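Since the structure comes first, as structure tokens, the remarks are kept for the end.
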Amino acid sequence: MDDEEADLREQIFHNNVREQIIFLLLFILLYLFSFMLIEKFRRRDHEDLLSADEDEVKVYRISLWLCTFALAVSLGSLLLLPVSIVSNEVLILYPKSYYVKWLNSSLIQGLWNHVFLFSNLSLFVFLPFAYLFSESSGFPGYRGLRGRVYETFLVLALLGVAMLGLAYVISAWLEGDRSSIDALLNLWTYLPFLYSCVSFVGVMMLLVFTPLGFVHLFGVVGGVLVKPQFLQDLNEEYYVYSFEEETVRRRMNNAVSSGIGYISPEPMYPDRGDVSSSSIDSVKKDPQDTPLLRLRNGALQAGLNERLKKIVAMRKEVENKRKTSSFQRNVVYPLAMLLLLALTAITVLMVIQNTLELLIGIKALPLSTRLEQFTLGIASLSKLGWAGATLDTFLILYLYVSSVTGLSLGLRALGVTPRARRTPLPRIIALCGVSLAISTAMPLLAKILGITNFDLLGEFGRIEWLGNFKLVLLYNAIFAGIATLCLVSKFTASVRRELYNRFKWVAELFTIPEDDPSIELTALNPRASADLTITEKIEPDKSE
């Protein structure tokens, strides 16, 4: 009997060691990938290696390491649902395989618990410490890092007290029966409550960014892949840029060789620009600005040189597109668009189905009520078996990609988009915090929308607002409505624009004054109005 207990304890010990080793290896991989990602975007100047102060270098690197840790945790939270679903299906397909014995329920449960713990630490401790540490100046009377560490811990402690007080006030406002001294002194209850507030904010952000990402992904794929010939005439674009490049070069050579600092003879319509100006200049210019072809001296040469660089870049881009194979243009592009359209349609239909099932009472709320130990490999998560689970995994990954794409639009609108080798440390800290808040809300989003039947494990499934029926039902309805509206607006934009132009033209016809025949001629026949204008310029004034 003692030998059996010793063997059981030894087996539990070895299983625990194996799980910790797997967690460590996974974290190392995620940390290395996060470090390479941050190294690509961080600014390299006096803040880091070129600083003469060693303390500044240490502070910068410690803050950077904490940001890398938070980004690794956010990547790990993105992998929770896909890894769990795939693990469950693998154990169903190969229940007695020797190579998957390490894959068990305890491993997946521990992964969810570790991600939840490190997410809270990163959100409420590591990232605030990194920002305060990088902005600290140190207490007077202390030299080196000691003064800055003391100042950071003091400010962080004051911030923690303020956050705990705010959490107590909010919880007392929401649940009056818990507003007692015992609840105030029980600090451990505030961490899940604060995390539930952060997750709620992240889910609300995903309600906006994910439908926008659905629409923007079509543009991203269309910009990466080459369109078919019937949608885009690459030969015509190539000849346009080639001829314009030759024209600009000739103008530059004439301005330099003749010694005059202006275009001679002066063009008739200098404000209309060149043929490719609309595709090169994305920003509208002020109509009061001097046109490029009317500039003089050095301003003319600098403007022509800048336009030449843009034209050459566009010509090379079109030339590279011309070299792509017909298979990629005629097969890969339509298949990619059809795949995006199918994934979006399936996602919206599943959300509508989940809304109806919640309304009828067939589907349970995403709040986990599981009391027994979670076990993998018992039953498939989909009625279609491993095929349905694979589809669920792809839909979850598609939701992730769409959310990140929509988030990039929001960051671009705010002007805080990370740029390669030019992103300062405070912006990196803020972006890591936003990515962590959104990535930890991703499993909640997939469960709320009914994309998967996998139950949220650990503290993720105990978030209280997941049990609010009205909130979950309203969220599904709003998500389905916004996604459908965005898709309809995307695919009917050109038709609506053409209809608007036609109605505007008809409205202008009915608002023409009767005593002005030239305006009537302009509205009915633009070419005739142009001939009339030229005739007025040529004929002399008879009154003189």
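Starting from 1 in every chain, residues are counted up; chains themselves are A, B, ... following the order of the structure tokens, and ligands are numbered from 1 as listed.
Contact shell of segment 383-396 of chain A at 7 Å (only C-alpha atoms; same-chain neighbours under 4 positions omitted): Pro82, Ile85, Glu89, Leu343, Thr347, Tyr400, Ala446, Ile451 and Thr452 of chain A.
Residues surrounding segment 308-321 of chain A within 10 Å are Val224, Leu225, Val226, Lys227, Leu234, Asn235, Glu236, Glu237, Tyr238, Tyr239, Val240, Tyr241, Ser242, Glu244, Glu245, Glu246, Thr247, Val248, Arg249, Met252, Ser276, Ser277, Ser279, Ile280, Asp281, Ala302 and Arg329 of chain A [only C-alpha atoms; sequence separation below 6 positions excluded].
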Expected file contents, prior selection, C-alpha atoms, as a compact mmCIF listing (two decimals), in the first residue's frame:
```
# COMPACT_ATOMS: atom_id res chain seq x y z
CA VAL A 224 -1.13 42.32 -51.57
CA LEU A 225 -2.40 40.10 -54.38
CA VAL A 226 -2.53 41.14 -58.02
CA LYS A 227 -6.02 41.58 -59.45
CA LEU A 234 -1.48 46.70 -65.62
CA ASN A 235 -0.10 47.35 -69.11
CA GLU A 236 -1.96 50.64 -69.37
CA GLU A 237 -0.77 51.75 -65.92
CA TYR A 238 2.80 50.79 -66.76
CA TYR A 239 2.78 52.83 -69.98
CA VAL A 240 1.21 55.81 -68.19
CA TYR A 241 3.96 55.87 -65.55
CA SER A 242 6.69 55.27 -68.14
CA GLU A 244 5.14 60.46 -67.40
CA GLU A 245 8.58 59.54 -66.10
CA GLU A 246 10.06 60.42 -69.47
CA THR A 247 8.13 63.71 -69.54
CA VAL A 248 9.32 64.75 -66.08
CA ARG A 249 12.92 63.85 -66.95
CA MET A 252 14.12 68.66 -65.62
CA SER A 276 -0.71 59.95 -62.39
CA SER A 277 -1.01 62.77 -59.89
CA SER A 279 -2.80 58.04 -57.75
CA ILE A 280 0.44 59.44 -56.34
CA ASP A 281 -0.80 62.39 -54.29
CA ALA A 302 12.98 70.06 -56.11
CA ARG A 329 -3.89 36.75 -60.87
```
**Exercise: segment 5-15 of chain A partners within 12 Å, only C-alpha atoms, chain neighbours under 6 positions left out, as a list in words** = Ile21, Ile22, Lys101, Trp102, Leu103, Asn104, Ser105, Ser106, Leu107 and Gly110 of chain A
**Prompt:** Which residues come within 9 Å of Leu145 of chain A, counting only C-alpha atoms, excluding same-chain residues fewer than 6 positions away, as a list in words?
**Reply:**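 Counting only the stated atoms, we get Asp55, Glu56, Lys58, Val59 and Gly138 of chain A.
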Residue subset to file, keeping C-alpha atoms, as a compact mmCIF listing (two decimals), in the first residue's frame:
```
# COMPACT_ATOMS: atom_id res chain seq x y z
CA ASP A 55 21.36 54.17 -15.35
CA GLU A 56 19.27 55.36 -18.29
CA LYS A 58 19.38 49.97 -17.47
CA VAL A 59 16.02 51.66 -16.93
CA GLY A 138 14.58 59.66 -8.48
```
**Item:** Shortest interatomic distance to Ser136 of chain A - which of A:Leu79, A:Ile438, A:Val90, A:Val149, counting only C-alpha atoms
**Value:** A:Val149
**Complete:** Pro426 of chain A proximity check over A:Arg146, A:Arg42, A:His216, A:Lys96, using only C-alpha atoms: winner is A:Arg42
For Leu75 of chain A, please output as a compact mmCIF listing (two decimals) with N, CA, C and O atoms, in the first residue's frame all residues within 8 Å (counting only C-alpha atoms; exclusion window: fewer than 3 positions along the same chain).
```
# COMPACT_ATOMS: atom_id res chain seq x y z
N LEU A 30 7.35 32.28 -27.13
CA LEU A 30 6.55 33.50 -27.24
C LEU A 30 7.35 34.74 -26.87
O LEU A 30 7.20 35.80 -27.50
N LEU A 71 3.72 41.42 -23.91
CA LEU A 71 3.34 41.05 -25.27
C LEU A 71 3.35 39.53 -25.44
O LEU A 71 2.49 38.97 -26.15
N ALA A 72 4.27 38.83 -24.79
CA ALA A 72 4.28 37.37 -24.84
C ALA A 72 3.04 36.79 -24.18
O ALA A 72 2.45 35.80 -24.68
N LEU A 78 -4.01 34.58 -26.96
CA LEU A 78 -4.61 34.33 -28.26
C LEU A 78 -4.63 32.85 -28.62
O LEU A 78 -5.48 32.40 -29.41
N LEU A 79 -3.70 32.10 -28.07
CA LEU A 79 -3.59 30.68 -28.40
C LEU A 79 -4.42 29.78 -27.50
O LEU A 79 -4.42 28.56 -27.70
N SER A 439 -6.40 41.11 -26.46
CA SER A 439 -6.11 39.68 -26.66
C SER A 439 -6.71 38.82 -25.55
O SER A 439 -7.18 37.70 -25.81
```
